[in-house]
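Dumped structure.txt below, it's compact mmCIF, C-alpha atoms:
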# COMPACT_ATOMS: atom_id res chain seq x y z
CA MET P 69 10.06 -52.07 -19.44
CA SER P 70 8.06 -52.33 -22.65
CA TYR P 71 5.80 -55.37 -23.09
CA THR P 72 3.88 -56.85 -26.00
CA LYS P 73 0.67 -58.86 -25.76
CA GLU P 74 2.64 -62.04 -26.37
CA ASP P 75 5.08 -61.12 -23.58
CA LEU P 76 2.30 -60.77 -21.03
CA LEU P 77 0.55 -63.99 -22.00
CA ALA P 78 3.87 -65.85 -21.65
CA ILE P 79 4.73 -64.21 -18.31
CA ALA P 80 1.28 -65.00 -16.92
CA GLU P 81 1.74 -68.66 -17.79
CA THR P 82 5.33 -68.91 -16.52
CA GLU P 83 4.56 -67.10 -13.25
CA HIS P 84 1.34 -69.07 -12.66
CA VAL P 85 -0.84 -65.94 -12.51
CA LYS P 86 -4.43 -66.87 -11.66
CA PHE P 87 -6.22 -63.51 -11.79
CA VAL P 88 -5.67 -60.12 -13.40
CA ARG P 89 -7.01 -56.83 -12.05
CA LEU P 90 -7.89 -54.27 -14.70
CA GLN P 91 -7.61 -50.98 -12.83
CA PHE P 92 -8.75 -47.45 -13.58
CA THR P 93 -9.48 -44.34 -11.52
CA ASP P 94 -12.77 -42.50 -11.02
CA VAL P 95 -13.19 -38.72 -10.77
CA ASN P 96 -12.78 -38.82 -6.98
CA GLY P 97 -9.37 -40.47 -7.39
CA THR P 98 -10.58 -43.84 -6.09
CA ILE P 99 -9.03 -46.92 -7.69
CA LYS P 100 -11.58 -49.16 -9.36
CA ASN P 101 -10.93 -52.58 -10.84
CA VAL P 102 -12.47 -55.44 -12.76
CA GLU P 103 -10.83 -58.72 -11.79
CA VAL P 104 -10.81 -61.45 -14.43
CA PRO P 105 -9.45 -65.02 -14.39
CA VAL P 106 -6.28 -65.46 -16.39
CA SER P 107 -8.30 -67.36 -19.01
CA GLN P 108 -9.74 -63.95 -20.01
CA LEU P 109 -6.35 -62.22 -20.28
CA ASP P 110 -6.16 -62.54 -24.08
CA LYS P 111 -9.58 -60.88 -24.36
CA ALA P 112 -8.53 -58.11 -21.96
CA LEU P 113 -5.28 -57.47 -23.84
CA SER P 114 -7.32 -57.20 -27.06
CA ASN P 115 -9.31 -54.29 -25.55
CA LYS P 116 -12.55 -56.25 -25.49
CA MET P 117 -13.33 -56.08 -21.77
CA MET P 118 -16.42 -53.99 -21.02
CA PHE P 119 -17.82 -52.57 -17.77
CA ASP P 120 -20.78 -50.50 -16.61
CA GLY P 121 -19.61 -46.88 -16.48
CA SER P 122 -22.90 -45.65 -15.00
CA SER P 123 -21.96 -47.32 -11.70
CA ILE P 124 -18.74 -45.26 -11.37
CA ASP P 125 -18.76 -41.82 -9.73
CA GLY P 126 -18.51 -39.08 -12.34
CA PHE P 127 -18.44 -41.35 -15.38
CA THR P 128 -21.58 -41.81 -17.50
CA ARG P 129 -25.36 -41.84 -17.48
CA ILE P 130 -27.46 -45.01 -17.58
CA GLU P 131 -28.24 -44.53 -21.25
CA GLU P 132 -24.55 -44.43 -22.23
CA SER P 133 -23.11 -46.84 -19.69
CA ASP P 134 -21.06 -49.40 -21.64
CA MET P 135 -17.33 -48.65 -21.52
CA LEU P 136 -14.22 -50.48 -22.76
CA LEU P 137 -10.95 -50.94 -20.85
CA TYR P 138 -7.73 -50.52 -22.83
CA PRO P 139 -4.87 -51.94 -20.71
CA ASP P 140 -1.52 -50.16 -20.74
CA PHE P 141 0.82 -53.15 -21.20
CA ASN P 142 3.71 -51.33 -19.51
CA THR P 143 1.81 -51.14 -16.21
CA TRP P 144 1.89 -54.93 -15.79
CA VAL P 145 2.80 -55.86 -12.22
CA ILE P 146 2.40 -59.09 -10.25
CA PHE P 147 1.41 -58.30 -6.67
CA PRO P 148 4.10 -59.93 -4.52
CA TRP P 149 1.81 -60.54 -1.53
CA THR P 150 -0.62 -62.81 -3.43
CA ALA P 151 1.66 -65.74 -4.30
CA GLU P 152 0.47 -68.15 -1.60
CA LYS P 153 -3.06 -68.46 -3.06
CA GLY P 154 -2.25 -67.99 -6.70
CA LYS P 155 -0.67 -64.88 -8.10
CA VAL P 156 -2.66 -61.78 -9.00
CA ALA P 157 -1.40 -59.34 -11.63
CA ARG P 158 -2.45 -55.77 -12.37
CA LEU P 159 -2.85 -53.66 -15.50
CA ILE P 160 -3.81 -49.97 -15.43
CA CYS P 161 -6.31 -49.12 -18.15
CA ASP P 162 -7.54 -46.20 -20.18
CA VAL P 163 -11.28 -45.97 -20.72
CA TYR P 164 -12.82 -45.89 -24.20
CA THR P 165 -16.36 -45.59 -25.51
CA PRO P 166 -18.04 -48.44 -27.46
CA ASN P 167 -17.25 -46.61 -30.70
CA LEU P 168 -13.55 -46.91 -29.78
CA GLN P 169 -13.01 -43.25 -28.89
CA PRO P 170 -11.14 -42.05 -25.79
CA PHE P 171 -13.67 -41.40 -23.02
CA THR P 172 -13.53 -37.72 -22.06
CA GLY P 173 -14.60 -38.53 -18.51
CA ASP P 174 -11.53 -40.70 -17.80
CA PRO P 175 -9.00 -38.80 -15.62
CA ARG P 176 -6.02 -40.67 -17.08
CA MET P 177 -7.08 -39.99 -20.65
CA ASN P 178 -7.71 -36.36 -19.76
CA LEU P 179 -4.13 -35.99 -18.52
CA LYS P 180 -2.90 -37.44 -21.80
CA ARG P 181 -4.99 -34.84 -23.63
CA VAL P 182 -3.33 -31.98 -21.73
CA LEU P 183 0.10 -33.52 -22.34
CA LYS P 184 -0.61 -33.44 -26.08
CA GLU P 185 -1.32 -29.71 -25.74
CA MET P 186 2.05 -29.41 -23.98
CA GLU P 187 3.79 -31.24 -26.84
CA ALA P 188 2.14 -28.90 -29.33
CA GLU P 189 3.95 -26.05 -27.53
CA GLY P 190 7.30 -27.70 -28.25
CA PHE P 191 7.90 -29.64 -25.03
CA THR P 192 8.80 -33.31 -24.93
CA SER P 193 7.89 -34.39 -21.40
CA PHE P 194 6.62 -33.26 -18.02
CA ASN P 195 8.12 -35.07 -15.06
CA LEU P 196 6.74 -35.45 -11.55
CA GLY P 197 8.36 -36.50 -8.31
CA PRO P 198 5.62 -36.75 -5.64
CA GLU P 199 6.15 -36.75 -1.86
CA PRO P 200 3.05 -38.41 -0.37
CA GLU P 201 2.59 -38.57 3.42
CA PHE P 202 0.29 -40.87 5.36
CA PHE P 203 -0.71 -41.79 8.92
CA LEU P 204 -0.74 -45.22 10.57
CA PHE P 205 -3.50 -45.92 13.11
CA LYS P 206 -4.15 -49.01 15.19
CA LEU P 207 -7.06 -51.32 14.40
CA ASP P 208 -9.60 -52.40 17.02
CA GLU P 209 -10.51 -56.01 17.82
CA ASN P 210 -13.01 -55.98 14.92
CA GLY P 211 -10.41 -54.80 12.42
CA LYS P 212 -11.86 -51.28 12.25
CA PRO P 213 -9.60 -48.20 12.27
CA THR P 214 -9.24 -46.33 15.55
CA LEU P 215 -7.84 -42.85 16.17
CA GLU P 216 -5.02 -44.34 18.26
CA LEU P 217 -1.66 -43.63 16.68
CA ASN P 218 0.89 -46.41 16.63
CA ASP P 219 3.81 -44.23 17.83
CA ASN P 220 4.79 -40.91 19.39
CA ALA P 221 7.84 -40.37 17.21
CA GLY P 222 8.88 -37.22 15.36
CA TYR P 223 10.78 -36.19 12.24
CA PHE P 224 13.44 -38.75 11.20
CA ASP P 225 13.08 -40.71 14.48
CA LEU P 226 14.07 -44.39 14.66
CA ALA P 227 12.69 -47.49 16.40
CA PRO P 228 11.75 -48.11 19.16
CA THR P 229 10.27 -44.57 19.15
CA ASP P 230 9.05 -45.05 15.58
CA LEU P 231 6.90 -48.18 15.91
CA GLY P 232 5.89 -47.90 12.26
CA GLU P 233 9.44 -48.53 11.05
CA ASN P 234 8.96 -52.26 10.37
CA CYS P 235 5.72 -51.60 8.51
CA ARG P 236 7.34 -48.82 6.50
CA ARG P 237 10.32 -51.05 5.69
CA ASP P 238 8.03 -53.81 4.43
CA ILE P 239 6.18 -51.27 2.28
CA VAL P 240 9.49 -50.20 0.75
CA LEU P 241 10.49 -53.82 0.06
CA GLU P 242 7.17 -54.53 -1.65
CA LEU P 243 7.42 -51.36 -3.73
CA GLU P 244 10.97 -52.19 -4.81
CA SER P 245 9.89 -55.69 -5.85
CA MET P 246 7.28 -53.98 -8.05
CA GLY P 247 9.85 -51.77 -9.77
CA PHE P 248 9.82 -48.59 -7.66
CA GLU P 249 13.19 -46.87 -7.19
CA ILE P 250 12.86 -45.70 -3.57
CA GLU P 251 14.91 -42.62 -2.69
CA ALA P 252 13.94 -42.06 0.96
CA SER P 253 11.74 -43.45 3.72
CA HIS P 254 11.30 -41.74 7.06
CA HIS P 255 9.04 -40.74 9.92
CA GLU P 256 7.43 -37.35 9.41
CA VAL P 257 6.89 -34.49 11.87
CA ALA P 258 3.61 -35.67 13.42
CA SER P 259 3.19 -38.77 15.55
CA GLY P 260 2.16 -41.74 13.42
CA GLN P 261 3.00 -39.89 10.19
CA HIS P 262 5.29 -41.28 7.48
CA GLU P 263 6.71 -40.41 4.08
CA ILE P 264 8.21 -42.56 1.32
CA ASP P 265 9.72 -40.88 -1.76
CA TRP P 266 10.63 -42.50 -5.06
CA LYS P 267 12.30 -41.43 -8.28
CA TYR P 268 10.47 -39.05 -10.58
CA ALA P 269 8.82 -40.26 -13.78
CA ASP P 270 6.87 -38.87 -16.70
CA ALA P 271 3.51 -37.41 -15.67
CA VAL P 272 1.28 -40.39 -16.53
CA SER P 273 3.65 -42.99 -15.06
CA ALA P 274 4.11 -40.87 -11.92
CA CYS P 275 0.35 -40.69 -11.39
CA ASP P 276 0.08 -44.44 -11.99
CA ASN P 277 2.78 -44.87 -9.34
CA ILE P 278 0.87 -42.73 -6.84
CA GLN P 279 -2.21 -44.93 -7.21
CA THR P 280 -0.12 -48.10 -6.90
CA PHE P 281 1.69 -46.67 -3.88
CA LYS P 282 -1.58 -46.00 -2.06
CA LEU P 283 -2.76 -49.53 -2.69
CA VAL P 284 0.51 -51.07 -1.45
CA VAL P 285 0.66 -48.88 1.67
CA LYS P 286 -2.88 -49.78 2.71
CA THR P 287 -2.38 -53.49 1.97
CA ILE P 288 0.90 -53.87 3.88
CA ALA P 289 -0.29 -51.72 6.80
CA ARG P 290 -3.25 -54.08 7.22
CA LYS P 291 -0.85 -57.03 7.42
CA HIS P 292 0.82 -55.25 10.36
CA GLY P 293 -2.51 -54.74 12.12
CA LEU P 294 -2.58 -51.05 11.16
CA HIS P 295 -4.76 -48.76 9.08
CA ALA P 296 -2.99 -46.42 6.67
CA THR P 297 -4.86 -43.26 5.74
CA PHE P 298 -4.14 -40.55 3.20
CA MET P 299 -6.76 -38.29 4.79
CA PRO P 300 -5.21 -34.79 4.75
CA LYS P 301 -5.87 -33.86 8.41
CA PRO P 302 -7.01 -36.82 10.52
CA ILE P 303 -6.22 -35.22 13.91
CA TYR P 304 -6.70 -31.67 15.15
CA GLY P 305 -3.65 -29.84 16.47
CA ILE P 306 -0.89 -31.68 14.58
CA ASN P 307 0.48 -31.51 11.04
CA GLY P 308 -1.63 -32.86 8.21
CA SER P 309 -0.45 -34.95 5.26
CA GLY P 310 0.66 -33.35 2.02
CA MET P 311 1.77 -34.68 -1.36
CA HIS P 312 4.21 -32.10 -2.71
CA PHE P 313 4.54 -32.08 -6.50
CA ASN P 314 8.15 -31.67 -7.76
CA MET P 315 7.75 -30.78 -11.43
CA SER P 316 10.12 -30.31 -14.34
CA LEU P 317 9.38 -29.52 -17.98
CA PHE P 318 11.65 -30.81 -20.76
CA ASN P 319 12.26 -29.94 -24.40
CA GLU P 320 14.74 -31.26 -26.97
CA LYS P 321 17.55 -29.29 -25.29
CA GLY P 322 16.90 -30.82 -21.85
CA ASN P 323 15.39 -29.36 -18.69
CA ALA P 324 13.50 -26.25 -19.84
CA PHE P 325 13.53 -24.80 -16.31
CA TYR P 326 17.34 -24.60 -16.18
CA ASP P 327 19.51 -21.80 -17.53
CA GLU P 328 23.06 -21.61 -16.19
CA ASN P 329 23.16 -17.93 -17.15
CA GLY P 330 19.72 -17.11 -15.79
CA LYS P 331 18.95 -15.52 -12.45
CA ASP P 332 19.39 -18.21 -9.77
CA GLY P 333 20.00 -20.74 -12.55
CA LEU P 334 16.38 -20.57 -13.71
CA SER P 335 15.19 -19.92 -17.25
CA GLU P 336 12.72 -17.22 -18.21
CA LEU P 337 10.36 -20.04 -19.10
CA ALA P 338 10.60 -21.35 -15.52
CA TYR P 339 9.61 -17.96 -14.16
CA HIS P 340 6.63 -17.80 -16.51
CA PHE P 341 5.61 -21.30 -15.40
CA ILE P 342 5.81 -20.26 -11.74
CA ALA P 343 3.74 -17.16 -12.53
CA GLY P 344 1.04 -19.34 -14.09
CA ILE P 345 1.02 -21.66 -11.05
CA LEU P 346 0.54 -18.65 -8.77
CA ARG P 347 -2.01 -16.89 -11.01
CA HIS P 348 -4.32 -19.94 -11.12
CA ALA P 349 -3.72 -21.20 -7.57
CA LYS P 350 -7.22 -20.41 -6.35
CA GLY P 351 -8.74 -22.02 -9.43
CA TYR P 352 -7.01 -25.39 -9.16
CA THR P 353 -7.12 -25.73 -5.36
CA ALA P 354 -10.50 -27.51 -5.47
CA VAL P 355 -8.79 -30.18 -7.59
CA THR P 356 -5.49 -30.48 -5.69
CA ASN P 357 -7.31 -30.28 -2.33
CA PRO P 358 -10.68 -31.86 -3.11
CA THR P 359 -12.20 -32.76 0.26
CA VAL P 360 -13.84 -30.84 3.09
CA ASN P 361 -11.02 -32.09 5.31
CA SER P 362 -8.33 -30.73 2.95
CA TYR P 363 -8.91 -27.21 4.25
CA LYS P 364 -8.25 -28.20 7.87
CA ARG P 365 -4.64 -28.76 6.70
CA LEU P 366 -4.26 -25.52 4.73
CA VAL P 367 -4.00 -23.26 7.79
CA PRO P 368 -1.02 -21.35 9.20
CA GLY P 369 1.19 -23.02 11.76
CA TYR P 370 1.39 -26.62 10.52
CA GLU P 371 3.92 -26.36 7.63
CA ALA P 372 1.21 -26.48 4.96
CA PRO P 373 0.96 -23.45 2.66
CA SER P 374 -2.05 -21.19 2.92
CA TYR P 375 -0.63 -18.13 1.13
CA ILE P 376 -0.02 -17.66 -2.60
CA ALA P 377 3.67 -16.84 -2.89
CA TRP P 378 6.96 -18.40 -3.96
CA SER P 379 10.54 -18.62 -2.77
CA SER P 380 13.77 -20.51 -3.22
CA SER P 381 14.90 -20.07 0.37
CA ASN P 382 12.02 -20.88 2.72
CA ARG P 383 9.27 -23.47 3.04
CA SER P 384 6.26 -21.39 4.02
CA PRO P 385 5.10 -20.28 0.52
CA LEU P 386 2.91 -22.22 -1.90
CA VAL P 387 5.76 -22.73 -4.39
CA ARG P 388 9.37 -23.51 -3.51
CA ILE P 389 12.37 -23.88 -5.82
CA PRO P 390 14.69 -26.61 -4.47
CA SER P 391 18.41 -25.80 -4.70
CA SER P 392 19.34 -28.53 -7.23
CA ARG P 393 20.14 -27.31 -10.74
CA GLY P 394 20.95 -28.85 -14.10
CA LEU P 395 18.69 -31.80 -14.97
CA SER P 396 17.29 -31.71 -11.40
CA THR P 397 15.95 -28.15 -11.65
CA ARG P 398 12.34 -28.28 -10.57
CA VAL P 399 9.36 -26.38 -9.21
CA GLU P 400 7.79 -27.72 -6.01
CA LEU P 401 4.08 -27.12 -5.43
CA ARG P 402 3.44 -27.67 -1.73
CA SER P 403 -0.34 -27.38 -1.42
CA VAL P 404 -1.36 -30.70 -3.04
CA ASP P 405 -2.63 -33.31 -0.57
CA PRO P 406 -2.85 -37.10 -0.98
CA SER P 407 -6.67 -37.17 -1.19
CA ALA P 408 -6.32 -35.56 -4.63
CA ASN P 409 -6.88 -37.43 -7.88
CA PRO P 410 -3.28 -37.33 -9.20
CA TYR P 411 -4.29 -37.41 -12.88
CA LEU P 412 -6.65 -34.43 -12.53
CA SER P 413 -4.21 -32.51 -10.30
CA MET P 414 -1.37 -33.00 -12.76
CA ALA P 415 -3.56 -31.90 -15.67
CA VAL P 416 -4.73 -28.64 -14.08
CA VAL P 417 -1.35 -27.68 -12.63
CA LEU P 418 0.33 -28.27 -15.99
CA ARG P 419 -2.43 -26.25 -17.68
CA ALA P 420 -1.80 -23.39 -15.23
CA GLY P 421 1.95 -23.44 -15.87
CA LEU P 422 1.52 -23.60 -19.64
CA ASP P 423 -0.81 -20.61 -19.48
CA GLY P 424 1.95 -18.68 -17.72
CA ILE P 425 4.39 -19.65 -20.48
CA LYS P 426 2.02 -18.87 -23.37
CA ARG P 427 1.10 -15.45 -21.96
CA LYS P 428 4.62 -14.75 -20.64
CA LEU P 429 3.21 -13.88 -17.23
CA GLU P 430 5.55 -11.99 -14.94
CA VAL P 431 6.36 -13.69 -11.67
CA PRO P 432 5.97 -11.55 -8.52
CA ALA P 433 8.93 -10.93 -6.24
CA PRO P 434 9.92 -13.97 -4.13
CA ILE P 435 9.03 -13.95 -0.45
CA ASP P 436 12.13 -15.04 1.44
CA ARG P 437 10.87 -14.65 4.99
CA ASN P 438 8.41 -16.63 7.08
CA ILE P 439 5.00 -15.65 5.75
CA TYR P 440 3.26 -16.99 8.88
CA SER P 441 4.95 -14.29 10.96
CA MET P 442 3.80 -11.46 8.70
CA THR P 443 0.97 -9.13 9.77
CA ALA P 444 -2.12 -8.54 7.67
CA SER P 445 -0.74 -5.18 6.52
CA GLU P 446 2.60 -6.79 5.56
CA LEU P 447 0.78 -9.44 3.55
CA GLU P 448 -1.15 -6.73 1.72
CA GLU P 449 1.99 -4.67 1.10
CA ASN P 450 3.68 -7.66 -0.48
CA GLY P 451 0.62 -8.55 -2.58
CA ILE P 452 0.24 -11.95 -0.92
CA ASP P 453 -3.19 -13.46 -1.37
CA GLN P 454 -4.59 -16.50 0.44
CA LEU P 455 -5.77 -19.87 -0.84
CA PRO P 456 -9.49 -20.63 -0.48
CA SER P 457 -10.33 -21.37 3.15
CA ASP P 458 -12.89 -24.11 2.51
CA LEU P 459 -14.16 -26.39 -0.24
CA SER P 460 -17.11 -24.14 -1.08
CA ARG P 461 -14.86 -21.15 -1.76
CA ALA P 462 -12.48 -23.34 -3.74
CA LEU P 463 -15.31 -24.59 -5.96
CA GLU P 464 -16.43 -21.02 -6.53
CA ALA P 465 -12.89 -20.05 -7.57
CA LEU P 466 -12.73 -23.05 -9.90
CA SER P 467 -15.98 -22.01 -11.58
CA LYS P 468 -14.41 -18.64 -12.45
CA ASP P 469 -11.16 -19.98 -13.93
CA GLN P 470 -11.66 -21.06 -17.53
CA THR P 471 -8.04 -22.18 -17.89
CA ILE P 472 -8.50 -24.76 -15.15
CA ILE P 473 -11.94 -25.77 -16.42
CA ASP P 474 -10.33 -26.42 -19.81
CA GLY P 475 -7.68 -28.49 -18.03
CA LEU P 476 -10.42 -30.75 -16.69
CA GLY P 477 -12.54 -30.81 -19.82
CA GLU P 478 -16.24 -30.03 -19.76
CA ARG P 479 -17.45 -33.52 -18.80
CA ILE P 480 -15.05 -34.01 -15.89
CA TYR P 481 -15.58 -30.44 -14.72
CA ALA P 482 -19.37 -30.85 -14.64
CA ASN P 483 -19.19 -34.21 -12.87
CA PHE P 484 -16.52 -33.04 -10.41
CA LEU P 485 -18.50 -29.91 -9.55
CA GLU P 486 -21.68 -31.92 -8.97
CA LEU P 487 -19.96 -34.48 -6.72
CA LYS P 488 -18.12 -31.86 -4.69
CA ASN P 489 -21.14 -29.61 -4.23
CA LEU P 490 -23.01 -32.62 -2.86
CA GLU P 491 -20.09 -33.29 -0.49
CA TRP P 492 -20.04 -29.69 0.72
CA ASP P 493 -23.80 -29.59 1.17
CA SER P 494 -23.72 -32.78 3.23
CA TYR P 495 -20.99 -31.33 5.45
CA ARG P 496 -22.72 -27.95 5.70
CA THR P 497 -26.01 -29.41 6.89
CA THR P 498 -24.57 -32.00 9.29
CA VAL P 499 -24.62 -31.22 13.02
CA HIS P 500 -21.08 -31.92 14.22
CA ALA P 501 -19.81 -33.04 17.61
CA TRP P 502 -18.10 -29.66 18.14
CA GLU P 503 -21.45 -27.86 17.87
CA GLN P 504 -23.09 -30.22 20.33
CA GLU P 505 -20.23 -29.76 22.81
CA GLN P 506 -20.33 -25.97 22.48
CA TYR P 507 -24.06 -25.25 22.37
CA LEU P 508 -26.18 -28.10 23.71
CA GLU P 509 -25.98 -27.03 27.37
CA LEU P 510 -25.30 -23.32 26.78
CA TYR P 511 -28.54 -22.72 24.91
Target encoding C-alpha cells, full file:
Amino acid sequence: MSYTKEDLLAIAETEHVKFVRLQFTDVNGTIKNVEVPVSQLDKALSNKMMFDGSSIDGFTRIEESDMLLYPDFNTWVIFPWTAEKGKVARLICDVYTPNLQPFTGDPRMNLKRVLKEMEAEGFTSFNLGPEPEFFLFKLDENGKPTLELNDNAGYFDLAPTDLGENCRRDIVLELESMGFEIEASHHEVASGQHEIDWKYADAVSACDNIQTFKLVVKTIARKHGLHATFMPKPIYGINGSGMHFNMSLFNEKGNAFYDENGKDGLSELAYHFIAGILRHAKGYTAVTNPTVNSYKRLVPGYEAPSYIAWSSSNRSPLVRIPSSRGLSTRVELRSVDPSANPYLSMAVVLRAGLDGIKRKLEVPAPIDRNIYSMTASELEENGIDQLPSDLSRALEALSKDQTIIDGLGERIYANFLELKNLEWDSYRTTVHAWEQEQYLELY
C-alpha cells in the first residue's frame, strides 16, 4: 500500500497511536530505533528527525555525527501487540547526512545504490524470497535464555511433539495482521528449530520484511516464555539455522532467468548469474555469514553447504535451482544465515550475479550427486572448491574481491572489516571451555 504524509497523520489519529518507532539498521544488521511521541510525527514525516550517528556501530565519527532519518512511508505498520497501553507504530528509515545527501554508510541506502546499477543494465527488479530459521529456548526464572530446548520434535512434526507450535502459530497471526503473506510454517529438522516462509518481494521490501520478522519472532516468543535466537549454530551436533535466498531477476519481458527453449528452462543470463554467484562465493561469505559462529554451521553433515557448486537436483551444493519455471524461476543461495545483515547480503550477492552477467562468465558443470560423500580426489577432479572455514579466512577472501568491496562501498567495507576483525581477534584470544576441558589436567 502506498501512503502519503497526510494518510499517516490521519491513520495515527484514528487508530490512537501514541508512539512511533523510527527504525534503521546498523552495519552488523542490528535494528536500531528512535521512538518519538505521536506529537512529533509531522516532524518525522518531514525528514527533520536527527540522531547521533557516532553512537551506532559502523556509522560515523564523532566529528561528523549528526544524521537525518528519512522515513519510508510505505513501511508504516502498527504493532498489534501494543494496543493495551497505547498503540505503537513503526516506520523504516533511510539515513541522510545534514546536507541532505544519502549516507553511504547506511546498509539500506547502499542496497538501493546497487539496485540502481542493476537498473542501468536494463533490469527492472530483483526479487527475494527468504527462508529464515530460528531456535526456541526456554527462559530461566530470571527471564534469561537457557540452552534448554522447548521440544524434541523433528521435520514437519506436530504438537504435542512440537511444543513450539502454539508460539509459531501466534507469530504467523501477528505477521499476517502486519501484512505478511505467509506461505508455510513448520518445525525444522533440529529439535527446537522452526521456519516460517512468506511471499517474495522486491529486494528492499524483502530485507525490510526480514528485519520486521526477526523483531516479531523475538517479541512473541518472549510472550510464550521462550527465547528466539537467529544464532546460526547454537548447539553442537545438530543442524544450524540458515536463511536461504531465493532470487529472481526481472526485465521488461518478465523473469529474466526463464527461457522455455533454454536448457532446463533457464536462460543464458541465468547461467551467467549463477556463474557470478559461484565465482565470488568466497568473497561475499564474510557478509552472508558474518559471525564467528556462522562457520560452525558451514561444515559437512548438517545440510548446510560448505562446497562451491550448483545443481538443480540435489541440496548439498551452495546453489540450487528449484524446479518451478515461468515467473517462479529462481536461483537459491543456501549458504546465507540469519545473523547476516540482509541489506548488505542482498547487495553483494546481486553484485556478484551482475558481474557474471556483464562478463558472460561460464557456469561450471552441475554437481548432481551428494558432495558430502565425495572423496578429496573426486572434489578436485570436479573442480569443487570450499567456502572459507572461519571468519578470518572469509575476511581475507573479502579483502581480495574488488567486486564485492564495490558492492559494499568503501565506507561500509572499511567499517565492516574493522568490526569483524575486532570480533575475530576477541574470539582468537579468548580461552574457551573446550580448551580448559581438554588441557587443564593433561598438561
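The residue that comes closest to Tyr71 of chain P, out of P:Leu113, P:Ile239, P:Val285, P:Ile376 and on the basis of all atoms listed in the file, is P:Leu113.
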* Can you work out the spacing between atom CA of Arg437 of chain P and atom CA of Pro373 of chain P in Å, to one decimal? => 13.5 Å
* Restricting the calculation to only C-alpha atoms, which member of P:Asn319, P:Ser70, P:Thr165, P:Ser457 is positioned closest to Met118 of chain P? -> P:Thr165
* To do: Give the answer as one residue: which of P:Ala349, P:Val85, P:Leu168, P:Met69 has the shortest atom-to-atom distance to Lys116 of chain P, using all atoms listed in the file?
  => P:Leu168
Contact table segment 333-419 of chain P vs segment 183-199 of chain P, cut-off 10 Å, shortest pair per residue, all atoms listed in the file, as a Markdown table:
| residue | atom | partner | partner_atom | distance |
| --- | --- | --- | --- | --- |
| P:Arg398 | CA | P:Leu196 | CA | 9.2 |
| P:Val399 | CA | P:Leu196 | CA | 9.7 |
| P:Glu400 | CA | P:Gly197 | CA | 9.1 |
| P:Leu401 | CA | P:Pro198 | CA | 9.8 |
| P:Arg402 | CA | P:Glu199 | CA | 9.5 |
| P:Val404 | CA | P:Pro198 | CA | 9.6 |
| P:Asp405 | CA | P:Glu199 | CA | 9.5 |
| P:Pro406 | CA | P:Glu199 | CA | 9.0 |
| P:Pro410 | CA | P:Pro198 | CA | 9.6 |
| P:Met414 | CA | P:Leu196 | CA | 8.6 |
| P:Ala415 | CA | P:Leu183 | CA | 7.8 |
| P:Leu418 | CA | P:Leu183 | CA | 8.2 |
| P:Arg419 | CA | P:Met186 | CA | 8.4 |
* By how many Å are atom CA of Ile425 of chain P and atom CA of Gly344 of chain P apart? -> 7.2 Å
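Take atom CA of Asp493 of chain P and atom CA of Leu346 of chain P: the distance between them is 28.5 Å.
Residue nearest His292 of chain P within the list P:Glu244, P:Asp238, P:Glu263, P:Glu448: P:Asp238 [criterion: smallest interatomic distance, all atoms listed in the file].
Considering all atoms listed in the file, the residue among P:Ile278, P:Leu485, P:Phe202, P:Lys212 positioned nearest to Ser253 of chain P is P:Phe202.
Closest to Lys206 of chain P among P:Asn234, P:Thr297, P:Ser403, P:Thr497 is P:Thr297, based on only C-alpha atoms.
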* To do: Tell me which protein, DNA and RNA residues are within 9 Å of Pro358 of chain P, counting only C-alpha atoms, leaving out same-chain ones fewer than 6 positions away, and put them as a PyMOL selection string.
  => chain P and resi 96+405+407-409+459+462+488
* Which polymer residues have any atom within 6 Å of an atom of Tyr138 of chain P, counting all atoms listed in the file, with same-chain residues fewer than 3 positions away left out, as a ChimeraX atom specification? -> /P:115,161-162
Could you give me, as CSV, every segment 481-500 of chain P residue with an atom at most 12 Å from segment 169-177 of chain P, plus its closest atom pair and distance in Å to one decimal, counting all atoms listed in the file, rows ordered by chain then number?
residue,atom,partner,partner_atom,distance
P:Tyr481,CA,P:Gly173,CA,9.0
P:Ala482,CA,P:Gly173,CA,9.8
P:Asn483,CA,P:Gly173,CA,8.5
P:Phe484,CA,P:Gly173,CA,10.0
* **Selection as number ranges by chain: residues within 8 Å of (11.9, -43.6, -5.4), counting all atoms listed in the file** => P: 248-252, 264-268
List the neighbours of Ile473 of chain P out to 9 Å using all atoms listed in the file; skip same-chain residues closer than 5 positions along the sequence, and give me the result as a compact mmCIF listing (two decimals) with C-alpha atoms, in the frame of the given file.
# COMPACT_ATOMS: atom_id res chain seq x y z
CA GLY P 351 -8.74 -22.02 -9.43
CA TYR P 352 -7.01 -25.39 -9.16
CA VAL P 416 -4.73 -28.64 -14.08
CA LEU P 466 -12.73 -23.05 -9.90
CA SER P 467 -15.98 -22.01 -11.58
CA LYS P 468 -14.41 -18.64 -12.45
CA GLU P 478 -16.24 -30.03 -19.76
CA ILE P 480 -15.05 -34.01 -15.89
CA TYR P 481 -15.58 -30.44 -14.72
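Residues with at least one atom no more than 10 Å from (-10.7, -62.8, -15.3), using all atoms listed in the file, are P:Lys86, P:Phe87, P:Val88, P:Arg89, P:Leu90, P:Val102, P:Glu103, P:Val104, P:Pro105, P:Val106, P:Ser107, P:Gln108, P:Leu109, P:Asp110, P:Lys111, P:Ala112, P:Met117.
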* Please identify all polymer residues within 12 Å of Glu430 of chain P, counting only C-alpha atoms, omitting same-chain residues fewer than 5 positions from it, and present them as a list in words. => Glu336, Leu337, Ala338, Tyr339, His340, Phe341, Ile342, Ala343, Gly344, Ile345, Leu346, Arg347, Asp423, Gly424 and Ile425 of chain P
* To do: Skip Ser335 of chain P itself and residues of its chain fewer than 5 positions away, then list as a ChimeraX atom specification all residues within 6 Å of it, counting only C-alpha atoms.
  => /P:325-327,330
